[in-house]
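File shown: start23.csv (CSV, C-alpha atoms).
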chain,number,residue,atom,x,y,z
A,468,MET,CA,-58.3,-19.3,-10.5
A,469,THR,CA,-56.7,-22.7,-9.7
A,470,ALA,CA,-54.2,-22.2,-12.5
A,471,ILE,CA,-53.3,-18.8,-11.2
A,472,LEU,CA,-52.8,-20.1,-7.7
A,473,GLU,CA,-50.6,-22.9,-9.0
A,474,THR,CA,-48.5,-20.5,-11.0
A,475,THR,CA,-48.1,-18.2,-8.0
A,476,ALA,CA,-47.1,-21.1,-5.7
A,477,SER,CA,-44.6,-22.2,-8.4
A,478,ASP,CA,-43.1,-18.7,-8.5
A,479,VAL,CA,-42.8,-18.6,-4.7
A,480,ASP,CA,-41.1,-22.0,-4.7
A,481,GLY,CA,-38.7,-20.8,-7.4
A,482,ILE,CA,-37.8,-17.7,-5.5
A,483,ALA,CA,-37.2,-19.7,-2.3
A,484,ALA,CA,-35.0,-22.2,-4.1
A,485,SER,CA,-33.0,-19.4,-5.7
A,486,ARG,CA,-32.5,-17.9,-2.2
A,487,VAL,CA,-31.3,-21.2,-0.9
A,488,ARG,CA,-28.8,-21.6,-3.8
A,489,ARG,CA,-27.5,-18.1,-3.3
A,490,GLY,CA,-27.1,-18.7,0.4
A,491,ARG,CA,-25.3,-22.0,-0.1
A,492,HIS,CA,-23.0,-20.4,-2.7
A,493,ARG,CA,-22.3,-17.5,-0.4
A,494,ARG,CA,-21.3,-19.8,2.5
A,495,ILE,CA,-19.0,-21.8,0.2
A,496,VAL,CA,-17.3,-18.6,-1.1
A,497,ILE,CA,-16.8,-17.4,2.5
A,498,GLY,CA,-15.4,-20.7,3.5
A,499,VAL,CA,-12.9,-20.8,0.6
A,500,LEU,CA,-11.9,-17.2,1.3
A,501,ALA,CA,-11.4,-17.9,5.0
A,502,VAL,CA,-9.2,-20.9,4.1
A,503,LEU,CA,-7.1,-18.8,1.7
A,504,VAL,CA,-6.6,-16.1,4.4
A,505,LEU,CA,-5.5,-18.8,6.8
A,506,ALA,CA,-3.1,-20.2,4.2
A,507,GLY,CA,-1.7,-16.8,3.4
A,508,PHE,CA,-1.3,-16.1,7.1
A,509,ALA,CA,0.6,-19.3,7.6
A,510,ALA,CA,2.8,-18.8,4.5
A,511,SER,CA,3.7,-15.3,5.7
A,512,LEU,CA,4.9,-16.7,9.0
A,513,MET,CA,6.8,-19.6,7.5
A,514,PHE,CA,8.5,-18.2,4.4
A,515,GLY,CA,11.1,-15.5,4.1
A,516,LYS,CA,14.9,-15.4,4.0
A,517,THR,CA,14.7,-18.3,6.4
A,518,PHE,CA,12.0,-21.0,6.3
A,519,TYR,CA,10.5,-22.2,9.6
A,520,PRO,CA,8.4,-25.4,9.6
A,521,PRO,CA,4.8,-25.2,10.8
A,522,ALA,CA,5.7,-26.9,14.1
A,523,ASP,CA,8.2,-24.2,15.0
A,524,VAL,CA,5.7,-21.4,14.0
A,525,LEU,CA,3.0,-23.0,16.1
A,526,ARG,CA,5.3,-23.3,19.1
A,527,VAL,CA,6.2,-19.6,18.8
A,528,ILE,CA,2.5,-18.6,18.6
A,529,LEU,CA,1.9,-20.7,21.8
A,530,GLY,CA,4.6,-18.8,23.6
A,531,GLN,CA,7.4,-21.3,23.6
A,532,ASP,CA,11.0,-20.4,23.1
A,533,VAL,CA,12.4,-21.6,19.7
A,534,PRO,CA,16.0,-20.5,18.9
A,535,GLY,CA,15.9,-18.1,15.9
A,536,ALA,CA,12.2,-18.5,15.3
A,537,SER,CA,11.2,-16.7,18.5
A,538,PHE,CA,12.7,-13.5,17.2
A,539,THR,CA,12.1,-13.8,13.4
A,540,VAL,CA,8.6,-15.2,13.7
A,541,GLY,CA,7.5,-13.8,17.0
A,542,ARG,CA,9.0,-10.3,16.9
A,543,LEU,CA,9.1,-9.6,13.1
A,544,ARG,CA,6.7,-11.7,11.1
A,545,LEU,CA,3.8,-12.2,13.5
A,546,PRO,CA,2.8,-8.6,14.2
A,547,ARG,CA,3.3,-7.7,10.5
A,548,THR,CA,1.1,-10.6,9.4
A,549,VAL,CA,-1.6,-9.9,12.0
A,550,LEU,CA,-1.6,-6.2,11.0
A,551,ALA,CA,-1.9,-7.2,7.4
A,552,VAL,CA,-5.0,-9.3,8.1
A,553,ILE,CA,-6.7,-6.8,10.5
A,554,ALA,CA,-5.9,-3.7,8.3
A,555,GLY,CA,-7.2,-5.6,5.2
A,556,ILE,CA,-10.5,-6.5,7.0
A,557,CYS,CA,-10.9,-2.8,8.1
A,558,PHE,CA,-10.3,-1.5,4.6
A,559,GLY,CA,-12.6,-4.1,3.1
A,560,LEU,CA,-15.5,-3.3,5.5
A,561,GLY,CA,-15.0,0.4,5.2
A,562,GLY,CA,-15.0,0.3,1.4
A,563,ILE,CA,-18.0,-2.0,1.0
A,564,THR,CA,-20.0,0.2,3.5
A,565,PHE,CA,-19.6,3.3,1.2
A,566,GLN,CA,-20.2,1.3,-2.0
A,567,THR,CA,-23.3,-0.2,-0.6
A,568,MET,CA,-24.7,2.9,0.9
A,569,LEU,CA,-24.1,5.1,-2.2
A,570,ARG,CA,-24.8,2.3,-4.7
A,571,ASN,CA,-21.6,3.1,-6.6
A,572,PRO,CA,-18.4,1.1,-6.8
A,573,LEU,CA,-16.4,4.3,-7.1
A,574,ALA,CA,-17.6,5.4,-3.6
A,575,SER,CA,-14.5,4.2,-1.9
A,576,PRO,CA,-12.5,6.0,0.8
A,577,ASP,CA,-9.5,6.0,-1.6
A,578,VAL,CA,-11.5,7.9,-4.2
A,579,ILE,CA,-13.7,10.3,-2.3
A,580,GLY,CA,-11.0,12.0,-0.1
A,581,ILE,CA,-11.1,10.2,3.2
A,582,SER,CA,-7.7,8.6,2.8
A,583,SER,CA,-6.4,11.9,1.4
A,584,GLY,CA,-7.5,13.7,4.6
A,585,ALA,CA,-5.6,11.2,6.8
A,586,SER,CA,-2.5,11.5,4.6
A,587,ALA,CA,-2.5,15.3,4.6
A,588,ALA,CA,-2.9,15.4,8.4
A,589,ALA,CA,-0.1,12.9,8.8
A,590,ALA,CA,2.2,14.9,6.6
A,591,PHE,CA,1.4,18.1,8.5
A,592,ALA,CA,2.1,16.4,11.8
A,593,ILE,CA,5.4,15.0,10.7
A,594,ILE,CA,6.7,17.9,8.6
A,595,VAL,CA,5.3,21.0,10.3
A,596,LEU,CA,4.8,19.8,13.9
A,597,SER,CA,7.7,17.3,14.0
A,598,LEU,CA,5.5,14.7,15.6
A,599,GLY,CA,5.8,10.9,15.3
A,600,GLY,CA,4.3,7.6,16.3
A,601,THR,CA,1.0,7.8,18.2
A,602,GLN,CA,0.6,11.5,17.7
A,603,VAL,CA,0.7,11.2,13.9
A,604,SER,CA,-1.9,8.4,14.2
A,605,ILE,CA,-4.2,10.6,16.2
A,606,PHE,CA,-3.9,13.4,13.7
A,607,ALA,CA,-4.8,10.9,10.9
A,608,ILE,CA,-7.8,9.5,12.7
A,609,VAL,CA,-9.3,12.8,13.6
A,610,ALA,CA,-8.7,14.2,10.1
A,611,ALA,CA,-10.3,11.2,8.4
A,612,LEU,CA,-13.4,11.6,10.5
A,613,THR,CA,-13.5,15.3,9.9
A,614,VAL,CA,-13.2,15.1,6.2
A,615,ALA,CA,-15.8,12.4,5.9
A,616,LEU,CA,-18.4,14.5,7.9
A,617,LEU,CA,-17.4,17.6,5.8
A,618,ILE,CA,-18.0,15.7,2.5
A,619,TYR,CA,-21.3,14.4,3.8
A,620,GLY,CA,-22.4,17.9,4.9
A,621,LEU,CA,-21.5,19.5,1.6
A,622,ALA,CA,-23.3,16.7,-0.3
A,623,TYR,CA,-26.4,16.8,1.8
A,624,ARG,CA,-29.4,18.5,0.0
A,625,GLY,CA,-32.5,17.0,1.6
A,626,GLY,CA,-30.7,13.7,1.2
A,627,VAL,CA,-27.4,12.4,-0.2
A,628,ALA,CA,-27.0,11.5,-3.8
A,629,GLY,CA,-24.2,9.1,-4.5
A,630,THR,CA,-22.9,11.0,-7.6
A,631,ARG,CA,-22.9,14.3,-5.8
A,632,LEU,CA,-21.0,13.0,-2.8
A,633,ILE,CA,-18.4,11.2,-5.0
A,634,LEU,CA,-17.8,14.4,-7.1
A,635,ILE,CA,-17.4,16.5,-4.0
A,636,GLY,CA,-15.2,13.9,-2.4
A,637,ILE,CA,-13.0,13.8,-5.5
A,638,GLY,CA,-12.7,17.6,-5.4
A,639,ILE,CA,-11.8,17.5,-1.7
A,640,ALA,CA,-9.2,14.8,-2.3
A,641,ALA,CA,-7.6,16.9,-5.0
A,642,MET,CA,-7.2,19.8,-2.7
A,643,LEU,CA,-5.9,17.7,0.1
A,644,ASP,CA,-3.4,16.0,-2.2
A,645,SER,CA,-2.1,19.4,-3.3
A,646,VAL,CA,-1.6,20.3,0.4
A,647,THR,CA,0.3,17.1,0.9
A,648,SER,CA,2.5,17.8,-2.2
A,649,TYR,CA,3.2,21.3,-0.9
A,650,LEU,CA,4.2,20.0,2.5
A,651,LEU,CA,6.5,17.5,0.9
A,652,SER,CA,8.2,20.2,-1.2
A,653,THR,CA,9.1,22.1,2.0
A,654,ALA,CA,10.2,19.1,4.0
A,655,ALA,CA,13.7,18.3,5.2
A,656,THR,CA,15.2,15.1,3.8
A,657,TRP,CA,14.6,13.0,6.9
A,658,ASP,CA,11.0,14.3,7.3
A,659,MET,CA,10.3,13.6,3.6
A,660,GLN,CA,11.6,10.0,3.9
A,661,GLU,CA,9.4,9.4,7.0
A,662,THR,CA,6.4,11.0,5.4
A,663,LEU,CA,6.7,9.1,2.1
A,664,ARG,CA,7.1,5.9,4.0
A,665,TRP,CA,3.8,6.6,5.8
A,666,LEU,CA,2.0,7.9,2.7
A,667,THR,CA,2.9,4.8,0.6
A,668,GLY,CA,1.3,2.3,2.9
A,669,SER,CA,3.7,-0.1,4.5
A,670,LEU,CA,3.8,-2.9,7.0
A,671,ASN,CA,7.6,-2.5,7.5
A,672,GLY,CA,8.4,-2.1,11.2
A,673,ALA,CA,4.9,-3.3,12.3
A,674,THR,CA,4.8,-3.7,16.1
A,675,TRP,CA,2.2,-4.9,18.6
A,676,PHE,CA,2.0,-1.4,19.9
A,677,ALA,CA,0.7,-0.2,16.5
A,678,THR,CA,-1.4,-3.4,15.8
A,679,VAL,CA,-3.4,-3.7,19.1
A,680,PRO,CA,-5.4,-0.4,18.6
A,681,VAL,CA,-6.5,-1.6,15.2
A,682,ILE,CA,-7.6,-4.9,16.7
A,683,VAL,CA,-9.6,-3.1,19.4
A,684,ALA,CA,-11.2,-0.8,16.8
A,685,LEU,CA,-12.2,-3.8,14.7
A,686,VAL,CA,-13.7,-5.7,17.7
A,687,VAL,CA,-15.7,-2.6,18.8
A,688,ILE,CA,-16.7,-1.0,15.5
A,689,GLY,CA,-16.9,-4.1,13.2
A,690,PRO,CA,-20.1,-5.4,14.8
A,691,VAL,CA,-21.7,-2.0,14.4
A,692,LEU,CA,-21.3,-2.2,10.7
A,693,LEU,CA,-22.4,-5.8,10.4
A,694,LEU,CA,-25.6,-4.8,12.3
A,695,GLN,CA,-26.2,-2.0,9.9
A,696,ALA,CA,-25.8,-4.3,6.8
A,697,ARG,CA,-29.5,-5.0,6.5
A,698,ASN,CA,-30.5,-1.3,6.8
A,699,LEU,CA,-27.8,-0.3,4.2
A,700,SER,CA,-29.2,-2.9,1.8
A,701,MET,CA,-32.6,-1.3,2.2
A,702,VAL,CA,-31.1,2.1,1.6
A,703,GLN,CA,-30.0,0.8,-1.8
A,704,LEU,CA,-33.7,0.7,-2.8
A,705,GLY,CA,-33.9,4.4,-2.4
A,706,ASP,CA,-34.6,6.7,0.5
A,707,ASP,CA,-38.4,6.6,0.2
A,708,ALA,CA,-38.6,2.8,-0.1
A,709,ALA,CA,-36.2,2.4,2.8
A,710,GLN,CA,-38.3,4.7,5.0
A,711,ALA,CA,-41.4,2.9,4.0
A,712,LEU,CA,-39.7,-0.3,5.3
A,713,GLY,CA,-39.0,1.3,8.6
A,714,VAL,CA,-35.4,2.3,8.1
A,715,ARG,CA,-34.2,5.6,9.6
A,716,VAL,CA,-32.2,6.6,6.6
A,717,GLU,CA,-30.1,9.5,7.8
A,718,ARG,CA,-29.4,7.9,11.1
A,719,THR,CA,-28.3,4.7,9.3
A,720,ARG,CA,-26.0,6.8,7.0
A,721,ILE,CA,-24.4,8.7,9.8
A,722,VAL,CA,-23.8,5.6,11.9
A,723,ALA,CA,-22.4,3.7,8.9
A,724,ILE,CA,-20.1,6.6,7.9
A,725,VAL,CA,-18.7,7.2,11.3
A,726,ALA,CA,-18.1,3.4,11.9
A,727,ALA,CA,-16.6,2.8,8.4
A,728,VAL,CA,-14.3,5.9,8.6
A,729,GLY,CA,-13.3,4.8,12.1
A,730,LEU,CA,-12.1,1.5,10.8
A,731,ILE,CA,-10.4,3.1,7.8
A,732,ALA,CA,-8.7,5.7,10.1
A,733,PHE,CA,-7.3,3.2,12.6
A,734,ALA,CA,-6.0,0.9,9.8
A,735,THR,CA,-4.5,3.9,8.0
A,736,ALA,CA,-2.9,5.2,11.2
A,737,ALA,CA,-1.2,1.9,11.7
A,738,ALA,CA,-0.2,0.9,8.2
A,739,GLY,CA,-0.6,4.0,6.1
A,740,PRO,CA,-3.2,4.5,3.3
A,741,ILE,CA,-2.7,1.1,1.6
A,742,ALA,CA,-4.0,2.1,-1.8
A,743,PHE,CA,-7.1,0.6,-3.4
A,744,VAL,CA,-7.8,-2.2,-0.9
A,745,ALA,CA,-11.0,-0.6,0.2
A,746,PHE,CA,-11.8,0.1,-3.5
A,747,LEU,CA,-11.2,-3.4,-4.8
A,748,SER,CA,-12.6,-5.6,-2.0
A,749,GLY,CA,-16.3,-4.9,-2.6
A,750,PRO,CA,-16.3,-5.5,-6.4
A,751,ILE,CA,-14.2,-8.6,-6.1
A,752,ALA,CA,-16.5,-9.9,-3.4
A,753,ALA,CA,-19.5,-9.1,-5.6
A,754,ARG,CA,-18.0,-11.1,-8.5
A,755,LEU,CA,-17.4,-14.1,-6.3
A,756,VAL,CA,-20.6,-14.1,-4.3
A,757,GLY,CA,-23.0,-12.5,-6.7
A,758,ARG,CA,-25.5,-9.7,-6.1
A,759,GLY,CA,-28.6,-9.9,-3.9
A,760,THR,CA,-26.8,-10.9,-0.8
A,761,SER,CA,-24.7,-9.2,1.9
A,762,LEU,CA,-21.1,-8.5,0.8
A,763,PHE,CA,-19.7,-7.3,4.1
A,764,VAL,CA,-18.1,-10.6,5.3
A,765,PRO,CA,-16.8,-11.6,1.9
A,766,ALA,CA,-15.4,-8.1,1.3
A,767,ALA,CA,-13.6,-8.2,4.7
A,768,LEU,CA,-12.0,-11.5,3.8
A,769,VAL,CA,-11.1,-10.3,0.3
A,770,GLY,CA,-9.4,-7.2,1.9
A,771,ALA,CA,-7.4,-9.4,4.3
A,772,LEU,CA,-6.3,-11.6,1.4
A,773,LEU,CA,-5.4,-8.7,-0.8
A,774,VAL,CA,-3.1,-7.2,1.8
A,775,LEU,CA,-1.5,-10.5,2.7
A,776,VAL,CA,-0.8,-11.4,-0.9
A,777,ALA,CA,0.4,-8.0,-1.9
A,778,ASP,CA,2.7,-7.7,1.1
A,779,PHE,CA,4.2,-11.2,0.4
A,780,VAL,CA,4.6,-10.3,-3.3
A,781,GLY,CA,6.2,-6.9,-2.5
A,782,GLN,CA,8.7,-8.6,-0.1
A,783,TYR,CA,9.8,-11.6,-2.2
A,784,ALA,CA,8.6,-11.5,-5.8
A,785,PHE,CA,11.1,-8.9,-7.1
A,786,GLY,CA,14.8,-8.2,-6.7
A,787,THR,CA,14.1,-5.5,-4.2
A,788,ARG,CA,11.4,-5.1,-1.5
A,789,TYR,CA,8.4,-2.9,-2.2
A,790,PRO,CA,5.9,-1.5,0.3
A,791,VAL,CA,2.5,-3.2,0.2
A,792,GLY,CA,0.9,0.0,-1.0
A,793,VAL,CA,3.0,0.0,-4.2
A,794,VAL,CA,1.7,-3.5,-5.1
A,795,THR,CA,-2.0,-2.7,-4.3
A,796,GLY,CA,-1.7,0.6,-6.2
A,797,ALA,CA,-0.4,-1.3,-9.3
A,798,LEU,CA,-3.4,-3.6,-9.0
A,799,GLY,CA,-6.1,-0.9,-8.2
A,800,ALA,CA,-5.2,1.9,-10.7
A,801,PRO,CA,-6.0,-0.2,-13.9
A,802,TYR,CA,-9.2,-1.4,-12.4
A,803,LEU,CA,-10.3,2.2,-11.6
A,804,VAL,CA,-9.6,3.2,-15.2
A,805,TYR,CA,-11.5,0.1,-16.4
A,806,LEU,CA,-14.5,0.9,-14.2
A,807,ILE,CA,-14.7,4.5,-15.5
A,808,ILE,CA,-14.5,3.4,-19.1
A,809,ARG,CA,-17.2,0.7,-18.6
A,810,SER,CA,-19.4,3.3,-17.0
A,811,ASN,CA,-19.0,5.7,-19.9
A,812,ARG,CA,-19.7,3.0,-22.5
A,813,ALA,CA,-22.8,2.1,-20.6
A,814,GLY,CA,-24.0,5.7,-20.8
A,815,GLY,CA,-23.8,6.1,-17.0
A,816,SER,CA,-22.2,8.6,-14.8
A,817,LEU,CA,-19.8,8.3,-11.9
Translate this structure into structure tokens?
Amino acid sequence: MTAILETTASDVDGIAASRVRRGRHRRIVIGVLAVLVLAGFAASLMFGKTFYPPADVLRVILGQDVPGASFTVGRLRLPRTVLAVIAGICFGLGGITFQTMLRNPLASPDVIGISSGASAAAAFAIIVLSLGGTQVSIFAIVAALTVALLIYGLAYRGGVAGTRLILIGIGIAAMLDSVTSYLLSTAATWDMQETLRWLTGSLNGATWFATVPVIVALVVIGPVLLLQARNLSMVQLGDDAAQALGVRVERTRIVAIVAAVGLIAFATAAAGPIAFVAFLSGPIAARLVGRGTSLFVPAALVGALLVLVADFVGQYAFGTRYPVGVVTGALGAPYLVYLIIRSNRAGGSL
């Protein structure tokens, strides 16, 4: 009996030590990611066709008038960079919410049709209704929420299976993409250019008017998702186990879906559907932090870093400037193919 008690105590100590190590590793990774985001933020403000030293950039941020820098940094680079960070955080949080809730890395708004719904609505608003600006954003937000709830409703059969929701979402996405393609085929030249710029995902022409609503959405909705993180982790154990632990499963799913889609929709309305940021942020965060701990904050930071780096690369790494969505799409598409191949080799399903 004594030996059994000693073994049990040793196991408990080992589990506790493992949790401490994972927690310390998670904090280190979050700290490093935060420093990288700050470094990317600073670099995006300082570098460009004209270099401005950190002192000038800081003076502009503090509201002082600096010849040249006040316009270039304050009017052009600062809103663009802030939108890159905030949109990246929104995409990262939205993506990891779906991936955690449905226990599948393919359960991303990019894949299951939510971004396609926002894109189709925006194309309809621009091409058919000749709308622009805020009106297009409203169409995109409402459409994203509607499509998400439609997919959830179609996938619900006494509960929601991740594979069923993903397959339904892929089907809905295909239909919505075909609608977008048809609208583009009927568009006038100017409307087509405006629609394609929006659909690609771009931070060109970012303004405070477009950025502030995304900031407000993150401040209001972000804490809701973070508060749901523990319940979503319980849902990963299965509906019955989560209910036994006191989690109201369907309520948790609905709240998480609405909150995540809200963040995705506001970010998409401001910057367009920047491809694969929501899809990549969670898996990259999981690789860095490891499983068995909350990925919400790391995924948000990874999303911000992805958008910052991709936008910087798209602006200055090539002979011509590319929208941020082109760069993230080039990164995300191969990973999606790799993920599907790996799943098939493992004998799994989507």
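Here atom CA of A:Arg493 is placed at a distance of 29.3 Å from atom CA of A:Glu717.
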Taking all atoms listed in the file into account, which of A:Tyr649, A:Trp675, A:Phe746, A:Phe591 comes nearest A:Leu560?
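Counting all atoms listed in the file, the residue closest to A:Leu560 is A:Phe746.
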Show which residues sit within 10 Å of A:Ala677, as a list in words. Count all atoms listed in the file, and ignore same-chain residues fewer than 3 positions away.
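Selected residues are Pro546, Arg547, Leu550, Gly600, Thr601, Ser604, Gly672, Ala673, Thr674, Pro680, Val681, Ile682, Phe733, Ala734, Ala736, Ala737 and Ala738 of chain A.
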Which protein, DNA or RNA residues are at most 12 Å from (-38.4, 0.2, 7.2) in the file's coordinates when you count all atoms listed in the file, listed as a list in words?
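Output of the proximity query reads Arg697, Asn698, Leu699, Ser700, Met701, Val702, Leu704, Gly705, Asp706, Asp707, Ala708, Ala709, Gln710, Ala711, Leu712, Gly713, Val714, Arg715, Val716 and Thr719 of chain A.
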At what distance in Å, to one decimal, does atom CA of A:Ala777 lie from atom CA of A:Ile639?
28.3 Å
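Straight-line separation from atom CA of A:Ala611 to atom CA of A:Phe779: 27.9 Å.
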Go through A:Phe763, A:Thr548, A:Ile731, A:Ile528 and flag the residue nearest A:Ala510, using all atoms listed in the file for the distances.
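Closest residue, counting all atoms listed in the file: A:Thr548.
Here the question is which of A:Ile581, A:Leu768, A:Ile635, A:Val756 gets nearest to A:Val609 using all atoms listed in the file, and that residue is A:Ile581.
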Residues within 10 Å of A:Thr613, all atoms listed in the file, excluding chain neighbours under 2 positions, as a list of chain:residue names:
A:Ile581, A:Gly584, A:Ala585, A:Ala607, A:Ile608, A:Val609, A:Ala610, A:Ala611, A:Ala615, A:Leu616, A:Leu617, A:Ile618, A:Tyr619, A:Val725, A:Val728
Take the residues just selected and output them with C-alpha atoms as a PDB file, in the coordinates of the input.
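Written file, out-v5.pdb:
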ATOM      1  CA  ILE A 581     -11.100  10.200   3.200  1.00  0.00           C
ATOM      2  CA  GLY A 584      -7.500  13.700   4.600  1.00  0.00           C
ATOM      3  CA  ALA A 585      -5.600  11.200   6.800  1.00  0.00           C
ATOM      4  CA  ALA A 607      -4.800  10.900  10.900  1.00  0.00           C
ATOM      5  CA  ILE A 608      -7.800   9.500  12.700  1.00  0.00           C
ATOM      6  CA  VAL A 609      -9.300  12.800  13.600  1.00  0.00           C
ATOM      7  CA  ALA A 610      -8.700  14.200  10.100  1.00  0.00           C
ATOM      8  CA  ALA A 611     -10.300  11.200   8.400  1.00  0.00           C
ATOM      9  CA  ALA A 615     -15.800  12.400   5.900  1.00  0.00           C
ATOM     10  CA  LEU A 616     -18.400  14.500   7.900  1.00  0.00           C
ATOM     11  CA  LEU A 617     -17.400  17.600   5.800  1.00  0.00           C
ATOM     12  CA  ILE A 618     -18.000  15.700   2.500  1.00  0.00           C
ATOM     13  CA  TYR A 619     -21.300  14.400   3.800  1.00  0.00           C
ATOM     14  CA  VAL A 725     -18.700   7.200  11.300  1.00  0.00           C
ATOM     15  CA  VAL A 728     -14.300   5.900   8.600  1.00  0.00           C
TER      16      VAL A 728
END
Which residues, written as number ranges by chain, have at least one atom at most 12 Å from stretch 497-502 of chain A, with only C-alpha atoms counted and residues fewer than 6 positions away on the same chain left out?
A: 490-491, 508-509, 552, 556, 751-753, 755-756, 761-773
Output C-alpha atoms for every residue in the selection just made, as a PDB file, in the coordinates of the input.
ATOM      1  CA  GLY A 490     -27.100 -18.700   0.400  1.00  0.00           C
ATOM      2  CA  ARG A 491     -25.300 -22.000  -0.100  1.00  0.00           C
ATOM      3  CA  PHE A 508      -1.300 -16.100   7.100  1.00  0.00           C
ATOM      4  CA  ALA A 509       0.600 -19.300   7.600  1.00  0.00           C
ATOM      5  CA  VAL A 552      -5.000  -9.300   8.100  1.00  0.00           C
ATOM      6  CA  ILE A 556     -10.500  -6.500   7.000  1.00  0.00           C
ATOM      7  CA  ILE A 751     -14.200  -8.600  -6.100  1.00  0.00           C
ATOM      8  CA  ALA A 752     -16.500  -9.900  -3.400  1.00  0.00           C
ATOM      9  CA  ALA A 753     -19.500  -9.100  -5.600  1.00  0.00           C
ATOM     10  CA  LEU A 755     -17.400 -14.100  -6.300  1.00  0.00           C
ATOM     11  CA  VAL A 756     -20.600 -14.100  -4.300  1.00  0.00           C
ATOM     12  CA  SER A 761     -24.700  -9.200   1.900  1.00  0.00           C
ATOM     13  CA  LEU A 762     -21.100  -8.500   0.800  1.00  0.00           C
ATOM     14  CA  PHE A 763     -19.700  -7.300   4.100  1.00  0.00           C
ATOM     15  CA  VAL A 764     -18.100 -10.600   5.300  1.00  0.00           C
ATOM     16  CA  PRO A 765     -16.800 -11.600   1.900  1.00  0.00           C
ATOM     17  CA  ALA A 766     -15.400  -8.100   1.300  1.00  0.00           C
ATOM     18  CA  ALA A 767     -13.600  -8.200   4.700  1.00  0.00           C
ATOM     19  CA  LEU A 768     -12.000 -11.500   3.800  1.00  0.00           C
ATOM     20  CA  VAL A 769     -11.100 -10.300   0.300  1.00  0.00           C
ATOM     21  CA  GLY A 770      -9.400  -7.200   1.900  1.00  0.00           C
ATOM     22  CA  ALA A 771      -7.400  -9.400   4.300  1.00  0.00           C
ATOM     23  CA  LEU A 772      -6.300 -11.600   1.400  1.00  0.00           C
ATOM     24  CA  LEU A 773      -5.400  -8.700  -0.800  1.00  0.00           C
TER      25      LEU A 773
END
